[in-house]
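Asks: Contents are compact mmCIF, C-alpha atoms; file name target.txt:
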```txt
# COMPACT_ATOMS: atom_id res chain seq x y z
CA MET D 142 43.70 6.65 -263.18
CA LYS D 143 44.74 9.28 -260.65
CA ILE D 144 47.27 11.67 -262.18
CA ALA D 145 49.29 14.54 -260.70
CA ILE D 146 50.18 17.41 -263.01
CA GLY D 147 52.48 20.37 -262.48
CA CYS D 148 54.03 23.20 -264.46
CA ASP D 149 55.80 26.53 -264.23
CA HIS D 150 54.31 29.94 -265.11
CA ILE D 151 55.47 29.79 -268.76
CA VAL D 152 52.99 27.06 -269.69
CA THR D 153 50.10 27.34 -267.22
CA ASP D 154 47.57 27.58 -270.05
CA ILE D 155 48.90 24.37 -271.62
CA LYS D 156 48.77 22.59 -268.27
CA ASP D 157 45.18 23.79 -267.75
CA TYR D 158 44.25 22.49 -271.22
CA PHE D 159 45.53 19.05 -270.28
CA VAL D 160 43.83 19.05 -266.87
CA THR D 161 40.57 19.37 -268.81
CA TYR D 162 41.74 16.81 -271.39
CA LEU D 163 42.47 14.23 -268.70
CA LYS D 164 39.23 14.88 -266.80
CA ASN D 165 37.25 14.52 -270.05
CA LYS D 166 38.85 11.09 -270.43
CA GLY D 167 37.58 10.10 -267.00
CA HIS D 168 40.79 10.45 -265.01
CA GLU D 169 41.09 11.99 -261.56
CA VAL D 170 43.53 14.90 -261.73
CA VAL D 171 45.53 16.39 -258.87
CA ASP D 172 46.66 19.81 -260.12
CA MET D 173 49.80 20.76 -258.17
CA GLY D 174 50.09 24.19 -259.89
CA THR D 175 51.22 26.66 -260.71
CA TYR D 176 47.84 28.26 -261.31
CA ASP D 177 48.66 31.57 -263.01
CA PHE D 178 51.36 33.35 -265.00
CA ILE D 179 53.11 35.00 -262.07
CA ARG D 180 56.82 34.23 -262.28
CA THR D 181 57.72 31.20 -260.19
CA HIS D 182 60.21 28.34 -260.20
CA TYR D 183 59.89 24.92 -261.84
CA PRO D 184 61.58 22.93 -259.02
CA ILE D 185 58.66 23.73 -256.70
CA TYR D 186 56.13 22.04 -258.98
CA GLY D 187 58.37 19.24 -260.23
CA LEU D 188 59.08 18.30 -256.61
CA LYS D 189 55.36 18.37 -255.72
CA VAL D 190 54.53 15.94 -258.54
CA GLY D 191 57.48 13.73 -257.68
CA LEU D 192 56.39 13.49 -254.06
CA GLN D 193 52.85 12.53 -255.14
CA ILE D 194 54.46 9.55 -256.89
CA TYR D 195 56.76 8.67 -253.97
CA ASN D 196 53.87 8.81 -251.47
CA LYS D 197 51.74 6.69 -253.83
CA ASN D 198 49.01 9.32 -253.81
CA VAL D 199 48.71 9.06 -257.60
CA ASP D 200 49.29 6.47 -260.31
CA LYS D 201 51.27 8.69 -262.70
CA GLY D 202 52.56 12.26 -263.07
CA ILE D 203 52.90 14.79 -265.86
CA VAL D 204 55.17 17.86 -265.70
CA ILE D 205 55.46 20.70 -268.19
CA CYS D 206 57.73 23.70 -268.58
CA GLY D 207 59.19 25.55 -271.57
CA THR D 208 61.64 22.91 -272.77
CA GLY D 209 60.58 20.45 -270.07
CA VAL D 210 64.18 19.94 -268.93
CA GLY D 211 64.06 21.90 -265.68
CA ILE D 212 60.82 20.47 -264.38
CA ILE D 213 61.57 16.87 -265.37
CA ASN D 214 64.91 17.09 -263.54
CA SER D 215 63.06 18.38 -260.48
CA ALA D 216 60.53 15.54 -260.47
CA ALA D 217 63.04 12.85 -261.43
CA LYS D 218 65.34 13.59 -258.47
CA VAL D 219 62.62 12.31 -256.13
CA PRO D 220 63.15 8.65 -255.16
CA THR D 221 60.99 6.11 -257.05
CA VAL D 222 60.25 8.57 -259.85
CA ARG D 223 61.20 7.14 -263.23
CA ALA D 224 60.78 9.73 -265.93
CA ILE D 225 61.16 10.65 -269.56
CA LEU D 226 61.23 14.02 -271.29
CA ALA D 227 59.41 13.14 -274.49
CA ARG D 228 59.08 14.77 -277.88
CA ASN D 229 57.13 12.10 -279.72
CA ILE D 230 55.07 8.94 -279.24
CA PHE D 231 58.09 6.71 -279.88
CA ASP D 232 59.92 8.24 -276.87
CA VAL D 233 56.98 7.55 -274.56
CA LYS D 234 56.29 3.99 -275.74
CA LYS D 235 59.98 3.05 -275.40
CA ALA D 236 60.15 4.53 -271.89
CA ARG D 237 56.95 2.82 -270.70
CA GLU D 238 57.92 -0.59 -272.12
CA ASN D 239 61.52 -0.55 -270.92
CA LEU D 240 61.54 1.27 -267.59
CA ASP D 241 57.88 1.43 -266.51
CA ILE D 242 58.18 5.22 -266.28
CA ASN D 243 55.70 6.95 -264.00
CA VAL D 244 56.32 10.62 -264.83
CA LEU D 245 56.08 12.16 -268.29
CA GLY D 246 57.87 15.44 -268.99
CA VAL D 247 56.79 17.72 -271.79
CA GLY D 248 58.26 20.88 -273.30
CA GLY D 249 55.24 23.11 -273.72
CA ARG D 250 57.19 25.44 -276.02
CA ILE D 251 58.64 22.51 -277.97
CA VAL D 252 55.78 20.12 -278.74
CA GLY D 253 52.30 20.95 -280.06
CA LYS D 254 49.02 19.96 -278.43
CA GLY D 255 48.23 17.23 -280.94
CA VAL D 256 51.44 15.36 -280.18
CA ILE D 257 51.12 15.99 -276.43
CA GLU D 258 47.59 14.54 -276.44
CA GLU D 259 48.80 11.37 -278.12
CA MET D 260 51.92 11.15 -275.93
CA ILE D 261 49.69 11.32 -272.84
CA ASP D 262 47.38 8.62 -274.23
CA VAL D 263 50.36 6.34 -274.89
CA PHE D 264 51.84 7.17 -271.47
CA LEU D 265 48.64 6.10 -269.72
CA ASN D 266 47.83 3.07 -271.87
CA THR D 267 51.14 1.36 -272.65
CA ASP D 268 52.13 -1.61 -270.52
CA TYR D 269 55.59 -2.18 -269.11
CA ILE D 270 57.17 -5.28 -270.71
CA GLU D 271 58.74 -7.01 -267.78
CA THR D 272 62.04 -8.88 -267.75
CA ASP D 273 64.28 -9.90 -264.83
CA GLU D 274 67.03 -7.60 -266.10
CA LYS D 275 64.71 -4.60 -266.33
CA ASN D 276 63.18 -5.32 -262.93
CA LYS D 277 66.66 -5.41 -261.41
CA LEU D 278 67.55 -2.04 -262.94
CA ILE D 279 64.26 -0.50 -261.79
CA SER D 280 64.91 -1.77 -258.28
CA THR D 281 68.37 -0.15 -258.33
CA ILE D 282 67.07 3.16 -259.69
CA ASP D 283 64.27 3.28 -257.11
CA LYS D 284 66.82 3.27 -254.29
CA TYR D 285 68.70 6.34 -255.50
CA ASN D 286 68.40 9.44 -253.29
CA LEU D 287 66.30 7.66 -250.66
CA GLU D 288 68.69 9.01 -248.03
CA ASN D 289 67.38 12.53 -248.77
CA ILE D 290 63.65 11.75 -248.72
CA GLU D 291 63.00 13.26 -245.31
CA LYS D 292 64.66 16.50 -246.31
CA ILE D 293 62.97 16.77 -249.69
CA SER D 294 59.59 15.92 -248.21
CA ASN D 295 59.88 18.94 -245.93
CA SER D 296 57.61 21.66 -247.28
CA ASN D 297 60.16 24.27 -246.19
CA ILE D 298 62.96 22.88 -248.34
CA PHE D 299 63.10 25.90 -250.66
CA ASP D 300 62.24 28.61 -248.10
CA ASP D 301 65.75 30.09 -247.85
CA TYR D 302 65.98 30.45 -251.62
CA ILE D 303 62.56 32.09 -251.87
CA ILE D 304 63.51 34.58 -249.15
CA LYS D 305 66.66 35.45 -251.07
CA TRP D 306 64.59 35.79 -254.27
CA GLU D 307 62.19 38.20 -252.59
CA LYS D 308 65.13 40.26 -251.35
CA GLY D 309 66.40 40.61 -254.92
CA TYR D 310 69.41 38.31 -254.57
CA TYR D 311 68.70 36.55 -257.86
CA SER D 312 68.44 39.54 -260.15
CA ASP D 313 69.37 39.47 -263.84
CA MET E 129 87.19 19.89 -270.84
CA ASP E 130 84.03 18.56 -272.45
CA LEU E 131 83.37 14.91 -273.31
CA MET E 132 81.37 13.18 -276.01
CA VAL E 133 80.71 9.45 -275.66
CA VAL E 134 79.45 7.57 -278.70
CA GLU E 135 78.00 4.11 -278.27
CA ASN E 136 77.43 3.13 -281.87
CA ASP E 137 80.02 3.15 -284.69
CA PHE E 138 77.29 4.26 -287.09
CA TYR E 139 77.70 7.77 -285.75
CA LEU E 140 81.10 8.66 -287.12
CA PHE E 141 82.40 12.15 -286.56
CA ASP E 142 84.92 13.48 -289.03
CA ASP E 143 88.08 15.18 -287.81
CA GLU E 144 86.89 18.51 -289.19
CA PHE E 145 83.81 18.42 -286.92
CA ILE E 146 85.79 17.47 -283.84
CA ARG E 147 88.53 20.09 -284.50
CA LYS E 148 85.88 22.85 -284.23
CA TYR E 149 85.59 22.13 -280.51
CA LYS E 150 89.00 22.63 -278.93
CA ASN E 151 88.02 21.32 -275.51
CA LEU E 152 86.06 18.28 -276.68
CA LYS E 153 87.33 14.76 -276.01
CA LEU E 154 85.69 11.98 -278.06
CA GLU E 155 85.33 8.44 -276.74
CA LYS E 156 83.69 5.28 -278.00
CA ASN E 157 82.01 3.09 -275.42
CA SER E 158 79.79 0.13 -276.27
CA ASN E 159 78.19 0.08 -272.83
CA VAL E 160 77.68 3.56 -271.41
CA LEU E 161 75.16 2.18 -268.92
CA GLU E 162 78.02 0.60 -266.95
CA GLU E 163 80.03 3.81 -266.95
CA ILE E 164 77.40 6.49 -266.42
CA ILE E 165 77.86 6.92 -262.67
CA THR E 166 81.62 7.32 -263.16
CA ILE E 167 80.97 9.95 -265.83
CA CYS E 168 78.53 11.77 -263.52
CA ASN E 169 81.12 11.78 -260.72
CA LYS E 170 83.64 13.35 -263.09
CA ILE E 171 81.12 16.08 -263.91
CA TYR E 172 80.48 16.67 -260.21
CA GLU E 173 84.25 16.85 -259.58
CA LYS E 174 84.53 19.33 -262.47
CA GLU E 175 86.77 17.15 -264.59
CA TYR E 176 84.19 17.64 -267.35
CA LYS E 177 82.11 20.79 -267.89
CA LYS E 178 79.70 19.46 -270.53
CA VAL E 179 79.15 15.82 -271.47
CA ILE E 180 77.24 14.52 -274.48
CA ILE E 181 76.16 10.90 -274.77
CA LEU E 182 74.90 9.29 -277.96
CA THR E 183 73.02 6.12 -277.03
CA ASN E 184 69.78 4.23 -277.55
CA LYS E 185 69.60 3.49 -273.83
CA ASN E 186 68.60 7.11 -273.18
CA VAL E 187 65.75 6.23 -270.79
CA GLU E 188 67.93 4.15 -268.49
CA ILE E 189 70.87 6.56 -268.62
CA PHE E 190 68.63 9.56 -267.95
CA ASN E 191 67.09 7.95 -264.89
CA ILE E 192 70.42 6.90 -263.40
CA SER E 193 72.20 10.18 -264.07
CA VAL E 194 69.43 12.54 -262.95
CA LYS E 195 69.71 11.13 -259.44
CA GLN E 196 73.47 11.71 -259.13
CA LYS E 197 74.93 14.75 -257.33
CA GLY E 198 75.47 17.88 -259.35
CA ILE E 199 73.79 16.65 -262.51
CA VAL E 200 71.31 18.54 -264.66
CA VAL E 201 70.52 16.28 -267.61
CA ALA E 202 68.70 16.99 -270.85
CA ASN E 203 67.42 14.21 -273.09
CA ILE E 204 66.30 16.36 -276.02
CA SER E 205 66.08 16.22 -279.78
CA ASP E 206 65.96 19.77 -281.16
CA GLU E 207 68.34 22.69 -281.51
CA HIS E 208 66.21 25.20 -279.60
CA SER E 209 66.16 22.98 -276.51
CA ALA E 210 69.90 22.36 -276.88
CA HIS E 211 70.83 26.00 -276.35
CA MET E 212 67.92 26.95 -274.06
CA THR E 213 68.81 24.21 -271.60
CA ILE E 214 72.34 25.59 -271.25
CA GLU E 215 71.12 29.19 -270.98
CA HIS E 216 68.39 28.52 -268.42
CA ASN E 217 69.19 25.23 -266.67
CA ASN E 218 73.02 25.14 -266.78
CA THR E 219 72.68 21.57 -268.05
CA ASN E 220 75.90 19.59 -267.86
CA LEU E 221 74.81 16.28 -269.40
CA LEU E 222 73.14 15.94 -272.80
CA ILE E 223 71.67 12.60 -273.88
CA LEU E 224 70.83 12.10 -277.55
CA ASP E 225 68.76 9.08 -278.49
CA THR E 226 70.25 7.37 -281.54
CA ASP E 227 66.93 5.59 -282.14
CA VAL E 228 65.36 8.90 -283.21
CA LEU E 229 68.11 11.23 -284.42
CA GLY E 230 70.13 11.32 -287.64
CA ILE E 231 73.75 12.45 -287.80
CA LYS E 232 73.10 15.85 -289.35
CA ILE E 233 70.70 17.07 -286.70
CA ILE E 234 72.92 15.54 -284.01
CA LYS E 235 75.79 17.73 -285.22
CA SER E 236 73.56 20.82 -285.16
CA ILE E 237 72.29 20.00 -281.65
CA ILE E 238 75.87 19.46 -280.44
CA ASN E 239 76.93 22.77 -281.95
CA ASN E 240 74.11 24.59 -280.15
CA PHE E 241 74.89 22.83 -276.86
CA LEU E 242 78.64 23.42 -276.88
CA SER E 243 78.43 26.99 -278.18
CA SER E 244 75.99 28.27 -275.56
CA GLU E 245 76.65 29.72 -272.13
CA TYR E 246 74.56 29.78 -268.98
CA SER E 247 72.73 33.09 -268.41
CA GLY E 248 72.76 33.02 -264.60
CA GLY E 249 70.76 35.82 -262.99
CA ARG E 250 67.19 34.79 -262.15
CA HIS E 251 67.88 31.24 -263.34
CA ASN E 252 70.26 30.70 -260.42
CA ILE E 253 67.41 30.21 -257.96
CA ARG E 254 66.14 27.25 -259.96
CA VAL E 255 69.61 25.73 -260.32
CA ASP E 256 70.17 26.20 -256.57
CA MET E 257 66.84 24.55 -255.79
CA LEU E 258 67.73 21.57 -258.02
CA SER E 259 71.03 21.10 -256.22
CA GLU E 260 69.17 21.14 -252.88
CA LEU E 261 67.31 17.97 -253.90
CA ILE E 262 70.46 15.83 -254.00
CA LYS E 263 73.24 16.67 -251.60
```
Would you mind writing the file out in structure tokens?
Replies:
Amino acid sequence: MKIAIGCDHIVTDIKDYFVTYLKNKGHEVVDMGTYDFIRTHYPIYGLKVGLQIYNKNVDKGIVICGTGVGIINSAAKVPTVRAILARNIFDVKKARENLDINVLGVGGRIVGKGVIEEMIDVFLNTDYIETDEKNKLISTIDKYNLENIEKISNSNIFDDYIIKWEKGYYSD
Amino acid sequence: MDLMVVENDFYLFDDEFIRKYKNLKLEKNSNVLEEIITICNKIYEKEYKKVIILTNKNVEIFNISVKQKGIVVANISDEHSAHMTIEHNNTNLLILDTDVLGIKIIKSIINNFLSSEYSGGRHNIRVDMLSELIK
């Protein structure tokens, strides 16, 4: 499988661990970053993974941040992304079987590597169990936010915010 | 005003628990899936500040709500995430999966969620970026 993976600076080492994990299992990995521990912003990387799904460049996506909430929200706002923020194997299996989810979110400061490894295995190997009712819901969900796709595909979408950040607008 | 919607009668909240949260309205709804967009609109229009949903249709409800305007949604199952997601993400919708959580930890998660405040500061850039994705 071809898998996109993204994270913020809090969990870069965990992301890197799983890039190796996936490659060792024979998957092709598209690492969207971040690539170091320099402070950055989870929406950048969640959006990148989400767009890989929308553009059908990859089969599935994985996103990681501290709790996982911020980055899964970022990816899941992209049209055609169907996501779950998971804490255990049960969460992942349920989400794959019922909504054919294509992006897995993980809290790198919440769940340990052993559980994450098994969640990823279940995410990649569990089949969607199709019904007409589920297909109809998936079709509805996949249309949400399509009207914004041109804007969110623009690589400059966050430029104004980053300029403000660099000028110190967002200080604590 | 905050809102808690409970899908399943099994999760009964005693009056003493509810009285702790002065701004919390409790509702029972056997089919939150049909109502979730309405609830999200009420969050966006600031009728509700924080909403908690107890359901076993967490996957479906997460994926519908995350794509509505103004929503930051956390489907979590531990107390640390419950307060961190308020402090860092300014989360306004909490989904708790009744397939995996017992009543005692649910109460503790709810307490953490409702008692926490958003930190602002550097986190605002991320919240602003999220809102840029759905306008």
Asks: With chain D as the partner and 7 Å as the cut-off, tabulate the residues of chain E that qualify, each row holding the nearest pair of atoms and their distance in Å to one decimal, using only C-alpha atoms, sorted by chain and rising number, as a tab-separated table.
Replies:
```
residue	atom	partner	partner_atom	distance
E:Val187	CA	D:Ala236	CA	6.0
E:Asn191	CA	D:Arg223	CA	6.2
E:Ile192	CA	D:Ile282	CA	6.2
E:Val194	CA	D:Lys218	CA	6.2
E:Lys195	CA	D:Lys218	CA	5.1
E:Val200	CA	D:Asn214	CA	6.7
E:Val201	CA	D:Asn214	CA	7.0
E:Ala202	CA	D:Val210	CA	5.7
E:Asn203	CA	D:Leu226	CA	6.4
E:Ser209	CA	D:Thr208	CA	5.9
E:Thr213	CA	D:Val210	CA	6.8
E:Asn217	CA	D:Gly211	CA	6.2
E:Gly249	CA	D:Asp313	CA	4.0
E:Arg250	CA	D:Tyr311	CA	4.9
E:Asn252	CA	D:Tyr311	CA	6.6
E:Ile253	CA	D:Tyr311	CA	6.5
E:Arg254	CA	D:His182	CA	6.0
E:Met257	CA	D:Pro184	CA	6.4
E:Leu258	CA	D:Ser215	CA	6.2
E:Leu261	CA	D:Ile293	CA	6.2
E:Ile262	CA	D:Asn286	CA	6.8
```
Asks: In Å, with one decimal, what is the gap from atom CA of Ile257 of chain D to atom CA of Asn184 of chain E?
Replies: 22.1 Å
Asks: Set the distance at 10 Å and use all atoms listed in the file: which residues neighbour segment 161-163 of chain E once local chain neighbours fewer than 6 positions away are removed? I'd like the list as a PyMOL selection string.
Replies: chain E and resi 135+183+185-186+188-190+192-193
Asks: For Ile238 of chain E, which residue out of E:Val255, E:Leu131, E:Ala210, E:Ile204 is the nearest one, using all atoms listed in the file?
Replies: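 That would be E:Ala210, the residue with the smallest distance to Ile238 of chain E.
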Asks: Axis-aligned box over every listed atom of segment 173-177 of chain E, padded by 4 Å per side: centre and edges in Å to one decimal, as AutoDock Vina command-line options?
Replies:
```
--center_x 84.4 --center_y 18.8 --center_z -263.7 --size_x 12.7 --size_y 11.9 --size_z 16.3
```
Asks: What is the atom CA of Asn151 of chain E-atom CA of Met129 of chain E distance in Å, reported with one decimal?
Replies: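 Those two atoms sit 5.0 Å apart.
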Asks: Can you put N, CA and C atoms back into segment 219-245 of chain E and show it as a short mmCIF file (atom, residue, chain, number, x, y, z; two decimals), in the coordinates of the input?
Replies:
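New file result13.cif:
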```cif
data_model
loop_
_atom_site.label_atom_id
_atom_site.label_comp_id
_atom_site.auth_asym_id
_atom_site.auth_seq_id
_atom_site.Cartn_x
_atom_site.Cartn_y
_atom_site.Cartn_z
N THR E 219 72.59 23.02 -267.83
CA THR E 219 72.68 21.57 -268.05
C THR E 219 74.12 21.15 -268.29
N ASN E 220 74.54 20.06 -267.66
CA ASN E 220 75.90 19.59 -267.86
C ASN E 220 75.98 18.22 -268.53
N LEU E 221 74.82 17.59 -268.74
CA LEU E 221 74.81 16.28 -269.40
C LEU E 221 73.71 16.27 -270.45
N LEU E 222 74.08 15.98 -271.68
CA LEU E 222 73.14 15.94 -272.80
C LEU E 222 73.06 14.50 -273.30
N ILE E 223 71.86 13.96 -273.37
CA ILE E 223 71.67 12.60 -273.88
C ILE E 223 70.91 12.69 -275.19
N LEU E 224 71.48 12.10 -276.24
CA LEU E 224 70.83 12.10 -277.55
C LEU E 224 70.50 10.67 -277.92
N ASP E 225 69.23 10.43 -278.20
CA ASP E 225 68.76 9.08 -278.49
C ASP E 225 69.02 8.73 -279.95
N THR E 226 69.89 7.75 -280.17
CA THR E 226 70.25 7.37 -281.54
C THR E 226 69.14 6.56 -282.22
N ASP E 227 68.10 6.22 -281.50
CA ASP E 227 66.93 5.59 -282.14
C ASP E 227 66.11 6.61 -282.91
N VAL E 228 66.25 7.90 -282.58
CA VAL E 228 65.36 8.90 -283.21
C VAL E 228 66.09 10.00 -283.98
N LEU E 229 67.41 10.09 -283.83
CA LEU E 229 68.11 11.23 -284.42
C LEU E 229 69.11 10.80 -285.48
N GLY E 230 69.14 11.56 -286.60
CA GLY E 230 70.13 11.32 -287.64
C GLY E 230 71.37 12.18 -287.39
N ILE E 231 72.46 11.85 -288.09
CA ILE E 231 73.75 12.45 -287.80
C ILE E 231 73.77 13.96 -288.04
N LYS E 232 73.03 14.42 -289.04
CA LYS E 232 73.10 15.85 -289.35
C LYS E 232 72.47 16.71 -288.27
N ILE E 233 71.30 16.27 -287.76
CA ILE E 233 70.70 17.07 -286.70
C ILE E 233 71.47 16.91 -285.39
N ILE E 234 72.08 15.73 -285.20
CA ILE E 234 72.92 15.54 -284.01
C ILE E 234 74.05 16.57 -284.01
N LYS E 235 74.68 16.76 -285.15
CA LYS E 235 75.79 17.73 -285.22
C LYS E 235 75.28 19.13 -284.90
N SER E 236 74.11 19.49 -285.41
CA SER E 236 73.56 20.82 -285.16
C SER E 236 73.19 20.99 -283.68
N ILE E 237 72.62 19.96 -283.09
CA ILE E 237 72.29 20.00 -281.65
C ILE E 237 73.57 20.16 -280.83
N ILE E 238 74.60 19.38 -281.17
CA ILE E 238 75.87 19.46 -280.44
C ILE E 238 76.45 20.86 -280.57
N ASN E 239 76.40 21.43 -281.75
CA ASN E 239 76.93 22.77 -281.95
C ASN E 239 76.21 23.78 -281.06
N ASN E 240 74.88 23.69 -281.00
CA ASN E 240 74.11 24.59 -280.15
C ASN E 240 74.47 24.39 -278.67
N PHE E 241 74.61 23.15 -278.27
CA PHE E 241 74.89 22.83 -276.86
C PHE E 241 76.27 23.34 -276.44
N LEU E 242 77.27 23.06 -277.27
CA LEU E 242 78.64 23.42 -276.88
C LEU E 242 78.92 24.92 -277.04
N SER E 243 78.17 25.57 -277.90
CA SER E 243 78.43 26.99 -278.18
C SER E 243 77.70 27.94 -277.24
N SER E 244 76.82 27.41 -276.41
CA SER E 244 75.99 28.27 -275.56
C SER E 244 76.57 28.40 -274.17
N GLU E 245 76.20 29.48 -273.50
CA GLU E 245 76.65 29.72 -272.13
C GLU E 245 75.45 29.95 -271.23
#
```
